[in-house]
>>> print(open('protein.cif').read())   # mmCIF, C-alpha atoms and all ligand atoms
data_target
#
loop_
_atom_site.label_atom_id
_atom_site.label_comp_id
_atom_site.auth_asym_id
_atom_site.auth_seq_id
_atom_site.Cartn_x
_atom_site.Cartn_y
_atom_site.Cartn_z
CA MET A 882 -49.10 23.60 49.19
CA THR A 883 -47.44 24.47 45.86
CA GLN A 884 -43.74 25.17 46.18
CA HIS A 885 -42.22 28.45 45.09
CA PRO A 886 -41.46 28.21 41.34
CA LEU A 887 -37.78 28.10 40.42
CA ILE A 888 -38.23 27.83 36.65
CA ARG A 889 -40.92 29.97 35.00
CA VAL A 890 -41.61 29.39 31.34
CA ARG A 891 -43.50 32.12 29.51
CA ASP A 892 -44.98 31.66 26.03
CA LEU A 893 -42.10 29.47 24.90
CA ASN A 894 -42.15 28.39 21.27
CA VAL A 895 -39.61 26.20 19.53
CA HIS A 896 -39.37 25.84 15.77
CA ILE A 897 -36.96 23.30 14.32
CA GLY A 898 -36.36 23.25 10.59
CA GLY A 899 -39.66 25.08 10.03
CA HIS A 900 -41.69 22.72 12.27
CA HIS A 901 -43.47 24.16 15.29
CA ILE A 902 -42.26 21.66 17.92
CA LEU A 903 -43.21 23.41 21.18
CA LYS A 904 -46.27 25.64 21.20
CA HIS A 905 -47.00 28.45 23.65
CA ILE A 906 -45.58 26.70 26.69
CA ASN A 907 -46.39 28.35 30.03
CA ILE A 908 -45.44 26.62 33.22
CA ASN A 909 -43.97 27.21 36.67
CA ILE A 910 -41.69 24.39 37.79
CA PRO A 911 -41.78 24.23 41.61
CA ASP A 912 -38.61 24.50 43.66
CA LYS A 913 -37.28 21.54 45.71
CA SER A 914 -39.52 18.91 44.22
CA VAL A 915 -39.61 16.36 41.42
CA THR A 916 -41.56 17.30 38.30
CA SER A 917 -41.95 14.69 35.55
CA ILE A 918 -42.69 15.48 31.93
CA ILE A 919 -44.78 12.72 30.38
CA GLY A 920 -46.38 12.23 26.99
CA PRO A 921 -46.31 10.09 23.85
CA SER A 922 -43.18 9.58 21.78
CA GLY A 923 -42.27 12.63 19.72
CA CYS A 924 -44.55 15.04 21.65
CA GLY A 925 -41.64 17.32 22.62
CA LYS A 926 -40.62 16.15 26.13
CA THR A 927 -36.87 16.14 25.49
CA THR A 928 -37.07 19.39 23.54
CA LEU A 929 -38.80 21.05 26.50
CA LEU A 930 -36.19 19.74 28.93
CA LYS A 931 -33.37 20.98 26.71
CA THR A 932 -34.81 24.51 26.63
CA PHE A 933 -34.18 24.72 30.37
CA ASN A 934 -30.41 24.77 29.98
CA ARG A 935 -30.10 26.23 26.51
CA LEU A 936 -29.02 22.99 24.92
CA LEU A 937 -31.22 23.61 21.91
CA ASP A 938 -30.47 26.95 20.40
CA ASP A 939 -27.02 26.26 19.02
CA THR A 940 -27.97 25.60 15.42
CA ALA A 941 -29.30 27.85 12.68
CA GLU A 942 -32.41 25.73 12.06
CA VAL A 943 -33.63 26.07 15.67
CA ARG A 944 -35.64 29.12 16.69
CA VAL A 945 -36.66 29.67 20.32
CA THR A 946 -38.96 32.51 21.36
CA GLY A 947 -40.48 33.40 24.71
CA SER A 948 -38.68 33.27 28.02
CA VAL A 949 -37.41 30.82 30.58
CA LEU A 950 -36.75 32.45 33.93
CA VAL A 951 -34.44 30.64 36.31
CA ASP A 952 -34.03 32.44 39.64
CA GLU A 953 -35.78 35.39 37.96
CA GLU A 954 -33.08 35.56 35.26
CA ASP A 955 -34.27 35.10 31.66
CA ILE A 956 -31.86 32.56 30.22
CA TYR A 957 -32.89 33.56 26.68
CA ALA A 958 -32.28 37.28 27.20
CA SER A 959 -29.63 38.69 24.93
CA GLY A 960 -26.38 38.70 26.83
CA ALA A 961 -27.36 35.76 29.08
CA GLU A 962 -24.24 33.73 29.67
CA VAL A 963 -24.61 30.06 28.73
CA THR A 964 -21.78 28.79 30.96
CA HIS A 965 -23.29 30.50 33.98
CA ILE A 966 -26.75 29.04 33.15
CA ARG A 967 -25.40 25.52 32.68
CA LYS A 968 -23.53 25.66 35.99
CA LYS A 969 -26.91 25.87 37.69
CA MET A 970 -28.04 22.60 36.12
CA GLY A 971 -26.82 19.04 36.09
CA LEU A 972 -28.04 16.97 33.14
CA LEU A 973 -28.36 13.21 33.36
CA SER A 974 -28.85 11.62 29.95
CA GLN A 975 -30.34 8.30 28.92
CA ARG A 976 -26.98 6.53 29.00
CA PRO A 977 -24.10 7.27 31.34
CA TYR A 978 -21.16 9.05 29.74
CA PRO A 979 -18.34 8.94 32.29
CA LEU A 980 -15.25 10.86 31.21
CA PRO A 981 -12.34 8.60 30.15
CA MET A 982 -10.51 8.99 33.44
CA SER A 983 -10.60 7.66 36.99
CA ILE A 984 -13.64 7.65 39.29
CA TYR A 985 -12.01 10.36 41.41
CA ASP A 986 -11.14 12.57 38.44
CA ASN A 987 -14.67 12.31 37.06
CA VAL A 988 -16.09 13.87 40.22
CA ALA A 989 -13.20 16.34 40.65
CA TYR A 990 -13.41 17.45 37.00
CA GLY A 991 -16.01 20.23 37.40
CA PRO A 992 -14.64 21.64 40.67
CA ARG A 993 -11.14 21.77 39.12
CA ILE A 994 -12.50 23.70 36.14
CA HIS A 995 -14.09 26.11 38.60
CA GLY A 996 -10.72 26.72 40.21
CA ILE A 997 -10.58 24.33 43.16
CA ARG A 998 -7.01 23.01 43.34
CA LYS A 999 -6.32 22.04 46.95
CA LYS A 1000 -6.16 18.27 47.26
CA THR A 1001 -7.94 18.09 50.61
CA ASP A 1002 -10.81 20.22 49.26
CA LEU A 1003 -11.13 17.99 46.20
CA ASP A 1004 -10.95 14.87 48.41
CA ASP A 1005 -13.83 16.22 50.51
CA ILE A 1006 -15.96 17.01 47.46
CA VAL A 1007 -15.34 13.61 45.89
CA GLU A 1008 -16.20 11.79 49.13
CA LYS A 1009 -19.33 13.86 49.75
CA GLN A 1010 -20.70 13.43 46.24
CA LEU A 1011 -19.95 9.72 46.14
CA LYS A 1012 -21.67 9.34 49.50
CA ASP A 1013 -24.67 11.41 48.38
CA THR A 1014 -25.09 9.19 45.34
CA GLY A 1015 -24.65 5.99 47.34
CA LEU A 1016 -21.43 4.98 45.60
CA TRP A 1017 -18.82 5.61 48.25
CA GLU A 1018 -18.90 2.18 49.91
CA GLU A 1019 -18.80 0.51 46.49
CA VAL A 1020 -15.81 2.44 45.12
CA LYS A 1021 -13.81 3.93 48.00
CA ASP A 1022 -11.02 1.37 47.55
CA ARG A 1023 -10.64 1.97 43.81
CA LEU A 1024 -11.07 5.70 43.39
CA HIS A 1025 -8.11 5.93 41.03
CA THR A 1026 -9.19 3.18 38.66
CA SER A 1027 -10.99 3.84 35.40
CA ALA A 1028 -14.65 4.85 35.61
CA ALA A 1029 -15.29 2.71 32.54
CA LYS A 1030 -14.87 -0.42 34.70
CA LEU A 1031 -17.97 0.38 36.75
CA SER A 1032 -21.31 -1.22 35.95
CA ILE A 1033 -23.72 0.85 33.86
CA GLY A 1034 -25.83 1.60 36.96
CA GLN A 1035 -22.76 2.70 38.91
CA GLN A 1036 -21.63 4.82 35.95
CA GLN A 1037 -24.99 6.59 35.94
CA ARG A 1038 -24.68 7.36 39.65
CA LEU A 1039 -21.11 8.57 39.01
CA CYS A 1040 -22.41 10.92 36.30
CA LEU A 1041 -24.91 12.24 38.81
CA ALA A 1042 -22.10 12.73 41.36
CA ARG A 1043 -20.06 14.53 38.69
CA GLY A 1044 -22.99 16.86 37.99
CA LEU A 1045 -23.66 17.54 41.68
CA ALA A 1046 -19.99 18.34 42.36
CA VAL A 1047 -20.38 21.79 40.77
CA GLU A 1048 -23.28 22.54 43.11
CA PRO A 1049 -26.13 23.06 40.65
CA GLU A 1050 -29.61 24.10 41.75
CA ILE A 1051 -31.44 22.00 39.22
CA ILE A 1052 -31.10 18.40 38.08
CA LEU A 1053 -32.50 17.56 34.65
CA GLY A 1054 -32.94 13.90 33.76
CA ASP A 1055 -33.80 12.67 30.27
CA GLU A 1056 -35.08 9.12 30.62
CA SER A 1057 -32.08 8.60 32.88
CA THR A 1058 -33.00 5.09 33.91
CA SER A 1059 -33.86 3.73 30.47
CA ALA A 1060 -30.52 1.91 30.06
CA LEU A 1061 -30.54 0.48 33.59
CA ASP A 1062 -31.61 -2.79 35.18
CA PRO A 1063 -34.46 -2.67 37.75
CA ILE A 1064 -32.17 -2.55 40.80
CA SER A 1065 -30.08 0.31 39.40
CA THR A 1066 -33.29 2.04 38.30
CA HIS A 1067 -34.60 1.94 41.86
CA LYS A 1068 -31.32 3.30 43.20
CA ILE A 1069 -31.51 6.28 40.85
CA GLU A 1070 -35.22 6.82 41.64
CA ASP A 1071 -34.46 6.74 45.39
CA LEU A 1072 -31.68 9.24 44.83
CA PHE A 1073 -33.99 11.64 43.05
CA VAL A 1074 -36.49 11.43 45.90
CA ARG A 1075 -33.73 12.06 48.46
CA LEU A 1076 -32.05 14.82 46.46
CA LYS A 1077 -35.23 16.85 46.01
CA GLU A 1078 -34.70 18.24 49.51
CA GLN A 1079 -31.75 20.17 48.10
CA TYR A 1080 -32.43 20.43 44.38
CA THR A 1081 -35.21 21.10 41.91
CA ILE A 1082 -35.54 18.03 39.73
CA VAL A 1083 -37.16 17.83 36.30
CA LEU A 1084 -37.37 14.45 34.60
CA VAL A 1085 -38.54 13.19 31.25
CA THR A 1086 -40.02 9.74 31.48
CA HIS A 1087 -42.33 7.64 29.40
CA ILE A 1088 -42.91 5.25 32.31
CA LEU A 1089 -46.09 6.30 34.09
CA ARG A 1090 -45.38 4.07 37.08
CA GLN A 1091 -42.03 5.77 37.52
CA ALA A 1092 -43.63 9.21 37.29
CA ARG A 1093 -46.13 8.12 39.93
CA ARG A 1094 -43.45 6.64 42.22
CA ILE A 1095 -41.16 9.63 42.35
CA SER A 1096 -42.84 12.83 41.17
CA ASP A 1097 -44.56 15.53 43.16
CA TYR A 1098 -45.88 17.13 39.97
CA ILE A 1099 -46.54 15.94 36.43
CA VAL A 1100 -46.68 17.83 33.15
CA PHE A 1101 -48.55 16.06 30.36
CA VAL A 1102 -47.40 17.16 26.91
CA TYR A 1103 -49.19 16.25 23.71
CA MET A 1104 -48.17 17.34 20.21
CA GLY A 1105 -45.96 20.13 21.49
CA GLU A 1106 -48.49 21.61 23.93
CA ILE A 1107 -48.97 21.32 27.65
CA VAL A 1108 -52.34 19.68 28.16
CA GLU A 1109 -52.25 19.51 31.93
CA PHE A 1110 -49.96 20.20 34.87
CA GLY A 1111 -50.67 19.33 38.46
CA PRO A 1112 -49.82 17.32 41.57
CA THR A 1113 -49.05 13.69 40.67
CA GLU A 1114 -51.99 11.94 42.32
CA GLU A 1115 -54.46 14.51 41.07
CA LEU A 1116 -53.24 14.35 37.47
CA LEU A 1117 -53.04 10.56 37.35
CA LEU A 1118 -56.14 9.67 39.36
CA ASN A 1119 -58.41 12.58 38.61
CA PRO A 1120 -57.27 14.29 35.40
CA LYS A 1121 -59.19 17.34 34.31
CA GLU A 1122 -58.59 17.02 30.59
CA GLU A 1123 -60.00 14.29 28.37
CA LEU A 1124 -56.66 13.84 26.57
CA THR A 1125 -54.88 13.26 29.88
CA LYS A 1126 -57.52 10.66 30.82
CA GLN A 1127 -56.97 8.87 27.51
CA TYR A 1128 -53.19 8.88 27.97
CA VAL A 1129 -53.31 7.71 31.58
CA LYS A 1130 -55.67 4.88 30.62
CA GLY A 1131 -53.21 3.85 27.90
CA PHE A 1132 -55.42 4.74 24.93
CA ILE A 1133 -52.79 7.15 23.57
CA SER A 1134 -49.18 5.99 23.33
N1 LIG B 1201 -32.73 18.43 15.98
C1 LIG B 1201 -33.93 18.13 15.47
N2 LIG B 1201 -34.17 18.21 14.14
C2 LIG B 1201 -35.37 17.94 13.62
N3 LIG B 1201 -36.44 17.56 14.35
C3 LIG B 1201 -36.26 17.47 15.68
C4 LIG B 1201 -35.01 17.74 16.31
N4 LIG B 1201 -35.16 17.54 17.65
C5 LIG B 1201 -36.45 17.17 17.82
N5 LIG B 1201 -37.10 17.13 16.66
C6 LIG B 1201 -38.50 16.76 16.46
O1 LIG B 1201 -39.26 17.35 17.47
C7 LIG B 1201 -40.30 16.51 17.91
C8 LIG B 1201 -40.21 16.31 19.42
O2 LIG B 1201 -39.03 15.55 19.71
P1 LIG B 1201 -38.63 15.18 21.20
O3 LIG B 1201 -37.37 14.40 21.15
O4 LIG B 1201 -38.65 16.41 22.02
O5 LIG B 1201 -39.85 14.25 21.62
P2 LIG B 1201 -40.01 13.29 22.87
O6 LIG B 1201 -41.37 13.53 23.39
O7 LIG B 1201 -38.89 13.47 23.82
O8 LIG B 1201 -39.95 11.87 22.18
P3 LIG B 1201 -39.43 10.42 22.71
O9 LIG B 1201 -40.30 10.06 23.86
O10 LIG B 1201 -39.64 9.54 21.53
O11 LIG B 1201 -37.99 10.60 23.08
C9 LIG B 1201 -40.15 15.22 17.13
O12 LIG B 1201 -41.06 15.25 16.04
C10 LIG B 1201 -38.73 15.27 16.64
O13 LIG B 1201 -38.61 14.59 15.43
#
>>> encode(input="protein.cif", output="structure tokens", more="lines below")
Ligand SMILES: Nc1ncnc2c1ncn2[C@@H]1O[C@H](COP(=O)(O)OP(=O)(O)OP(=O)(O)O)[C@@H](O)[C@H]1O
Amino acid sequence: MTQHPLIRVRDLNVHIGGHHILKHININIPDKSVTSIIGPSGCGKTTLLKTFNRLLDDTAEVRVTGSVLVDEEDIYASGAEVTHIRKKMGLLSQRPYPLPMSIYDNVAYGPRIHGIRKKTDLDDIVEKQLKDTGLWEEVKDRLHTSAAKLSIGQQQRLCLARGLAVEPEIILGDESTSALDPISTHKIEDLFVRLKEQYTIVLVTHILRQARRISDYIVFVYMGEIVEFGPTEELLLNPKEELTKQYVKGFIS
């Protein structure tokens, strides 16, 4: 059964510097599941992901039209508040960018900004998020040392913990395992699968095997358009569109 949609995209178009990058995008991203955006390099995957938390429309050369409804609220409506929208989403980029501070302070950073001051409350949040991201046992004895000393894989899980600490509804991941070794990659993939019980997760990946391992749904994008969207097995094993077939077979890259 298809989950209730949390993100609804309606006739979304993105022009950058006069180029029509995303064309008439219509999609419902289901709640509490993992949806992967796949497609060849330059097709618009990252651009689509960025439209979900208004990371795109900050410059004069970018024009976004259409609507993206999150929880029924159009995040492109005039007057929509960007800080409020971003609080609903945690973004995990290709490389981890821990803040130049301790492990503890990285996780406590967002909650402090949102007004949580009491030490015991912050301690609880830090412990919970580090446990949820599987880091607690690895770092509990060095919480006040620099986050930069962690391995890249640990830093990526810390960035996830930092994002989750402000209680978002949605996790966006842009090729978030591309800088990681296979073991760290599997840890992050396992986390996504576990976290989908509580969050709606949208990932950009160019690795079909990864999309197959962890997604419930897949969106195939080609030259700025959605070619096909559907449950993972159906889209990969029995695609409806010829272009999807070609991509899945590896004839388009
Ligand atoms: N800020 C920008 N200025 C100019 N062109 C841009 C900008 N951002 C994206 N584009 C263009 O939009 C198109 C889609 O880019 P995007 O990064 O979304 O693709 P992608 O599918 O994520 O690619 P990849 O898999 O290689 O990361 C590309 O042609 C890219 O050059």
>>> residues_near_ligand(input="protein.cif", ligand="ligand LIG 1201 (chain B)", cutoff="12 Å", atoms="only C-alpha atoms and all ligand atoms", output="ChimeraX atom specification")
/A:895-904,918-932,936-944,974-975,1054-1057,1059,1084-1088,1100-1107,1134
>>> atom_distance(input="protein.cif", atom1="atom CA of Tyr1098 of chain A", atom2="atom CA of Ile1033 of chain A")
28.2 Å
>>> residues_around(input="protein.cif", residues="segment 911-915 of chain A", least_positions_apart="2", cutoff="12 Å", atoms="all atoms listed in the file", output="mmCIF file with C-alpha atoms, keeping the file's coordinate frame")
data_model
loop_
_atom_site.group_PDB
_atom_site.id
_atom_site.type_symbol
_atom_site.label_atom_id
_atom_site.label_comp_id
_atom_site.auth_asym_id
_atom_site.auth_seq_id
_atom_site.Cartn_x
_atom_site.Cartn_y
_atom_site.Cartn_z
ATOM 1 C CA MET A 882 -49.100 23.600 49.190
ATOM 2 C CA THR A 883 -47.440 24.470 45.860
ATOM 3 C CA GLN A 884 -43.740 25.170 46.180
ATOM 4 C CA HIS A 885 -42.220 28.450 45.090
ATOM 5 C CA PRO A 886 -41.460 28.210 41.340
ATOM 6 C CA LEU A 887 -37.780 28.100 40.420
ATOM 7 C CA ILE A 888 -38.230 27.830 36.650
ATOM 8 C CA ARG A 889 -40.920 29.970 35.000
ATOM 9 C CA VAL A 890 -41.610 29.390 31.340
ATOM 10 C CA ILE A 908 -45.440 26.620 33.220
ATOM 11 C CA ASN A 909 -43.970 27.210 36.670
ATOM 12 C CA SER A 917 -41.950 14.690 35.550
ATOM 13 C CA ILE A 918 -42.690 15.480 31.930
ATOM 14 C CA VAL A 951 -34.440 30.640 36.310
ATOM 15 C CA ASP A 952 -34.030 32.440 39.640
ATOM 16 C CA GLU A 1050 -29.610 24.100 41.750
ATOM 17 C CA ILE A 1051 -31.440 22.000 39.220
ATOM 18 C CA ILE A 1052 -31.100 18.400 38.080
ATOM 19 C CA LEU A 1053 -32.500 17.560 34.650
ATOM 20 C CA GLY A 1054 -32.940 13.900 33.760
ATOM 21 C CA GLU A 1070 -35.220 6.820 41.640
ATOM 22 C CA ASP A 1071 -34.460 6.740 45.390
ATOM 23 C CA LEU A 1072 -31.680 9.240 44.830
ATOM 24 C CA PHE A 1073 -33.990 11.640 43.050
ATOM 25 C CA VAL A 1074 -36.490 11.430 45.900
ATOM 26 C CA ARG A 1075 -33.730 12.060 48.460
ATOM 27 C CA LEU A 1076 -32.050 14.820 46.460
ATOM 28 C CA LYS A 1077 -35.230 16.850 46.010
ATOM 29 C CA GLU A 1078 -34.700 18.240 49.510
ATOM 30 C CA GLN A 1079 -31.750 20.170 48.100
ATOM 31 C CA TYR A 1080 -32.430 20.430 44.380
ATOM 32 C CA THR A 1081 -35.210 21.100 41.910
ATOM 33 C CA ILE A 1082 -35.540 18.030 39.730
ATOM 34 C CA VAL A 1083 -37.160 17.830 36.300
ATOM 35 C CA LEU A 1084 -37.370 14.450 34.600
ATOM 36 C CA VAL A 1085 -38.540 13.190 31.250
ATOM 37 C CA THR A 1086 -40.020 9.740 31.480
ATOM 38 C CA GLN A 1091 -42.030 5.770 37.520
ATOM 39 C CA ALA A 1092 -43.630 9.210 37.290
ATOM 40 C CA ARG A 1093 -46.130 8.120 39.930
ATOM 41 C CA ARG A 1094 -43.450 6.640 42.220
ATOM 42 C CA ILE A 1095 -41.160 9.630 42.350
ATOM 43 C CA SER A 1096 -42.840 12.830 41.170
ATOM 44 C CA ASP A 1097 -44.560 15.530 43.160
ATOM 45 C CA TYR A 1098 -45.880 17.130 39.970
ATOM 46 C CA ILE A 1099 -46.540 15.940 36.430
ATOM 47 C CA VAL A 1100 -46.680 17.830 33.150
ATOM 48 C CA PHE A 1110 -49.960 20.200 34.870
ATOM 49 C CA GLY A 1111 -50.670 19.330 38.460
ATOM 50 C CA PRO A 1112 -49.820 17.320 41.570
ATOM 51 C CA THR A 1113 -49.050 13.690 40.670
#
>>> closest_residue(input="protein.cif", among="A:Leu1024, A:Leu1003, A:Ile1064, A:Ala989", to="Ala1042 of chain A", atoms="only C-alpha atoms")
A:Ala989
>>> atom_distance(input="protein.cif", atom1="atom CA of Leu1011 of chain A", atom2="atom CA of Leu1089 of chain A")
29.0 Å
>>> closest_residue(input="protein.cif", among="A:Ile997, A:Met982, A:Leu893, A:Met970", to="Thr946 of chain A", atoms="only C-alpha atoms")
A:Leu893
>>> atom_distance(input="protein.cif", atom1="atom CA of Lys968 of chain A", atom2="atom CA of Glu1019 of chain A")
27.7 Å
>>> closest_residue(input="protein.cif", among="A:Lys1012, A:Lys1121, A:Arg1090, A:Arg1038", to="Pro977 of chain A", atoms="all atoms listed in the file")
A:Arg1038
>>> decode(input="protein.cif", residues="segment 1012-1041 of chain A", atoms="N, CA and C atoms", output="PDB file, in the first residue's frame")
ATOM      1  N   LYS A1012      23.080   7.549  20.101  1.00  0.00           N
ATOM      2  CA  LYS A1012      22.644   6.141  20.121  1.00  0.00           C
ATOM      3  C   LYS A1012      21.887   5.813  18.838  1.00  0.00           C
ATOM      4  N   ASP A1013      20.989   6.715  18.433  1.00  0.00           N
ATOM      5  CA  ASP A1013      20.186   6.456  17.225  1.00  0.00           C
ATOM      6  C   ASP A1013      21.055   6.332  15.976  1.00  0.00           C
ATOM      7  N   THR A1014      22.200   6.987  15.994  1.00  0.00           N
ATOM      8  CA  THR A1014      23.065   6.916  14.807  1.00  0.00           C
ATOM      9  C   THR A1014      24.223   5.925  15.019  1.00  0.00           C
ATOM     10  N   GLY A1015      24.107   5.138  16.075  1.00  0.00           N
ATOM     11  CA  GLY A1015      25.071   4.065  16.306  1.00  0.00           C
ATOM     12  C   GLY A1015      26.465   4.525  16.702  1.00  0.00           C
ATOM     13  N   LEU A1016      26.560   5.764  17.201  1.00  0.00           N
ATOM     14  CA  LEU A1016      27.895   6.297  17.525  1.00  0.00           C
ATOM     15  C   LEU A1016      28.215   6.251  19.009  1.00  0.00           C
ATOM     16  N   TRP A1017      27.202   6.121  19.828  1.00  0.00           N
ATOM     17  CA  TRP A1017      27.372   6.329  21.267  1.00  0.00           C
ATOM     18  C   TRP A1017      28.511   5.487  21.855  1.00  0.00           C
ATOM     19  N   GLU A1018      28.480   4.182  21.557  1.00  0.00           N
ATOM     20  CA  GLU A1018      29.506   3.297  22.136  1.00  0.00           C
ATOM     21  C   GLU A1018      30.902   3.688  21.660  1.00  0.00           C
ATOM     22  N   GLU A1019      30.969   4.228  20.439  1.00  0.00           N
ATOM     23  CA  GLU A1019      32.280   4.584  19.880  1.00  0.00           C
ATOM     24  C   GLU A1019      32.826   5.882  20.443  1.00  0.00           C
ATOM     25  N   VAL A1020      31.957   6.771  20.922  1.00  0.00           N
ATOM     26  CA  VAL A1020      32.437   8.120  21.306  1.00  0.00           C
ATOM     27  C   VAL A1020      32.089   8.541  22.730  1.00  0.00           C
ATOM     28  N   LYS A1021      31.389   7.698  23.486  1.00  0.00           N
ATOM     29  CA  LYS A1021      30.868   8.167  24.778  1.00  0.00           C
ATOM     30  C   LYS A1021      31.976   8.608  25.746  1.00  0.00           C
ATOM     31  N   ASP A1022      33.190   8.094  25.549  1.00  0.00           N
ATOM     32  CA  ASP A1022      34.280   8.475  26.455  1.00  0.00           C
ATOM     33  C   ASP A1022      35.071   9.686  25.963  1.00  0.00           C
ATOM     34  N   ARG A1023      34.685  10.234  24.824  1.00  0.00           N
ATOM     35  CA  ARG A1023      35.425  11.398  24.305  1.00  0.00           C
ATOM     36  C   ARG A1023      34.484  12.442  23.704  1.00  0.00           C
ATOM     37  N   LEU A1024      33.373  12.637  24.393  1.00  0.00           N
ATOM     38  CA  LEU A1024      32.348  13.551  23.877  1.00  0.00           C
ATOM     39  C   LEU A1024      32.844  14.978  23.727  1.00  0.00           C
ATOM     40  N   HIS A1025      33.853  15.332  24.567  1.00  0.00           N
ATOM     41  CA  HIS A1025      34.288  16.739  24.554  1.00  0.00           C
ATOM     42  C   HIS A1025      35.593  16.939  23.781  1.00  0.00           C
ATOM     43  N   THR A1026      35.912  15.948  22.943  1.00  0.00           N
ATOM     44  CA  THR A1026      37.065  16.127  22.048  1.00  0.00           C
ATOM     45  C   THR A1026      36.559  16.565  20.676  1.00  0.00           C
ATOM     46  N   SER A1027      37.488  17.044  19.871  1.00  0.00           N
ATOM     47  CA  SER A1027      37.101  17.627  18.584  1.00  0.00           C
ATOM     48  C   SER A1027      36.474  16.602  17.632  1.00  0.00           C
ATOM     49  N   ALA A1028      35.391  17.021  16.984  1.00  0.00           N
ATOM     50  CA  ALA A1028      34.719  16.148  16.019  1.00  0.00           C
ATOM     51  C   ALA A1028      35.612  15.850  14.822  1.00  0.00           C
ATOM     52  N   ALA A1029      36.562  16.728  14.570  1.00  0.00           N
ATOM     53  CA  ALA A1029      37.448  16.558  13.412  1.00  0.00           C
ATOM     54  C   ALA A1029      38.330  15.322  13.558  1.00  0.00           C
ATOM     55  N   LYS A1030      38.469  14.810  14.811  1.00  0.00           N
ATOM     56  CA  LYS A1030      39.333  13.636  15.015  1.00  0.00           C
ATOM     57  C   LYS A1030      38.625  12.329  14.664  1.00  0.00           C
ATOM     58  N   LEU A1031      37.340  12.381  14.437  1.00  0.00           N
ATOM     59  CA  LEU A1031      36.608  11.154  14.077  1.00  0.00           C
ATOM     60  C   LEU A1031      36.953  10.740  12.648  1.00  0.00           C
ATOM     61  N   SER A1032      36.717   9.461  12.354  1.00  0.00           N
ATOM     62  CA  SER A1032      36.905   9.010  10.963  1.00  0.00           C
ATOM     63  C   SER A1032      35.835   9.665  10.083  1.00  0.00           C
ATOM     64  N   ILE A1033      36.034   9.615   8.779  1.00  0.00           N
ATOM     65  CA  ILE A1033      35.064  10.244   7.875  1.00  0.00           C
ATOM     66  C   ILE A1033      33.670   9.611   8.047  1.00  0.00           C
ATOM     67  N   GLY A1034      33.645   8.274   8.188  1.00  0.00           N
ATOM     68  CA  GLY A1034      32.362   7.581   8.367  1.00  0.00           C
ATOM     69  C   GLY A1034      31.682   8.007   9.666  1.00  0.00           C
ATOM     70  N   GLN A1035      32.484   8.127  10.733  1.00  0.00           N
ATOM     71  CA  GLN A1035      31.909   8.576  12.010  1.00  0.00           C
ATOM     72  C   GLN A1035      31.432  10.025  11.896  1.00  0.00           C
ATOM     73  N   GLN A1036      32.208  10.843  11.186  1.00  0.00           N
ATOM     74  CA  GLN A1036      31.802  12.252  11.008  1.00  0.00           C
ATOM     75  C   GLN A1036      30.461  12.336  10.278  1.00  0.00           C
ATOM     76  N   GLN A1037      30.263  11.447   9.303  1.00  0.00           N
ATOM     77  CA  GLN A1037      28.995  11.494   8.559  1.00  0.00           C
ATOM     78  C   GLN A1037      27.837  11.098   9.482  1.00  0.00           C
ATOM     79  N   ARG A1038      28.068  10.095  10.340  1.00  0.00           N
ATOM     80  CA  ARG A1038      26.999   9.720  11.276  1.00  0.00           C
ATOM     81  C   ARG A1038      26.766  10.843  12.297  1.00  0.00           C
ATOM     82  N   LEU A1039      27.853  11.550  12.671  1.00  0.00           N
ATOM     83  CA  LEU A1039      27.695  12.691  13.583  1.00  0.00           C
ATOM     84  C   LEU A1039      26.861  13.796  12.924  1.00  0.00           C
ATOM     85  N   CYS A1040      27.107  14.029  11.648  1.00  0.00           N
ATOM     86  CA  CYS A1040      26.320  15.056  10.934  1.00  0.00           C
ATOM     87  C   CYS A1040      24.846  14.665  10.890  1.00  0.00           C
ATOM     88  N   LEU A1041      24.606  13.365  10.755  1.00  0.00           N
ATOM     89  CA  LEU A1041      23.227  12.897  10.776  1.00  0.00           C
ATOM     90  C   LEU A1041      22.628  13.134  12.175  1.00  0.00           C
TER      91      LEU A1041
END
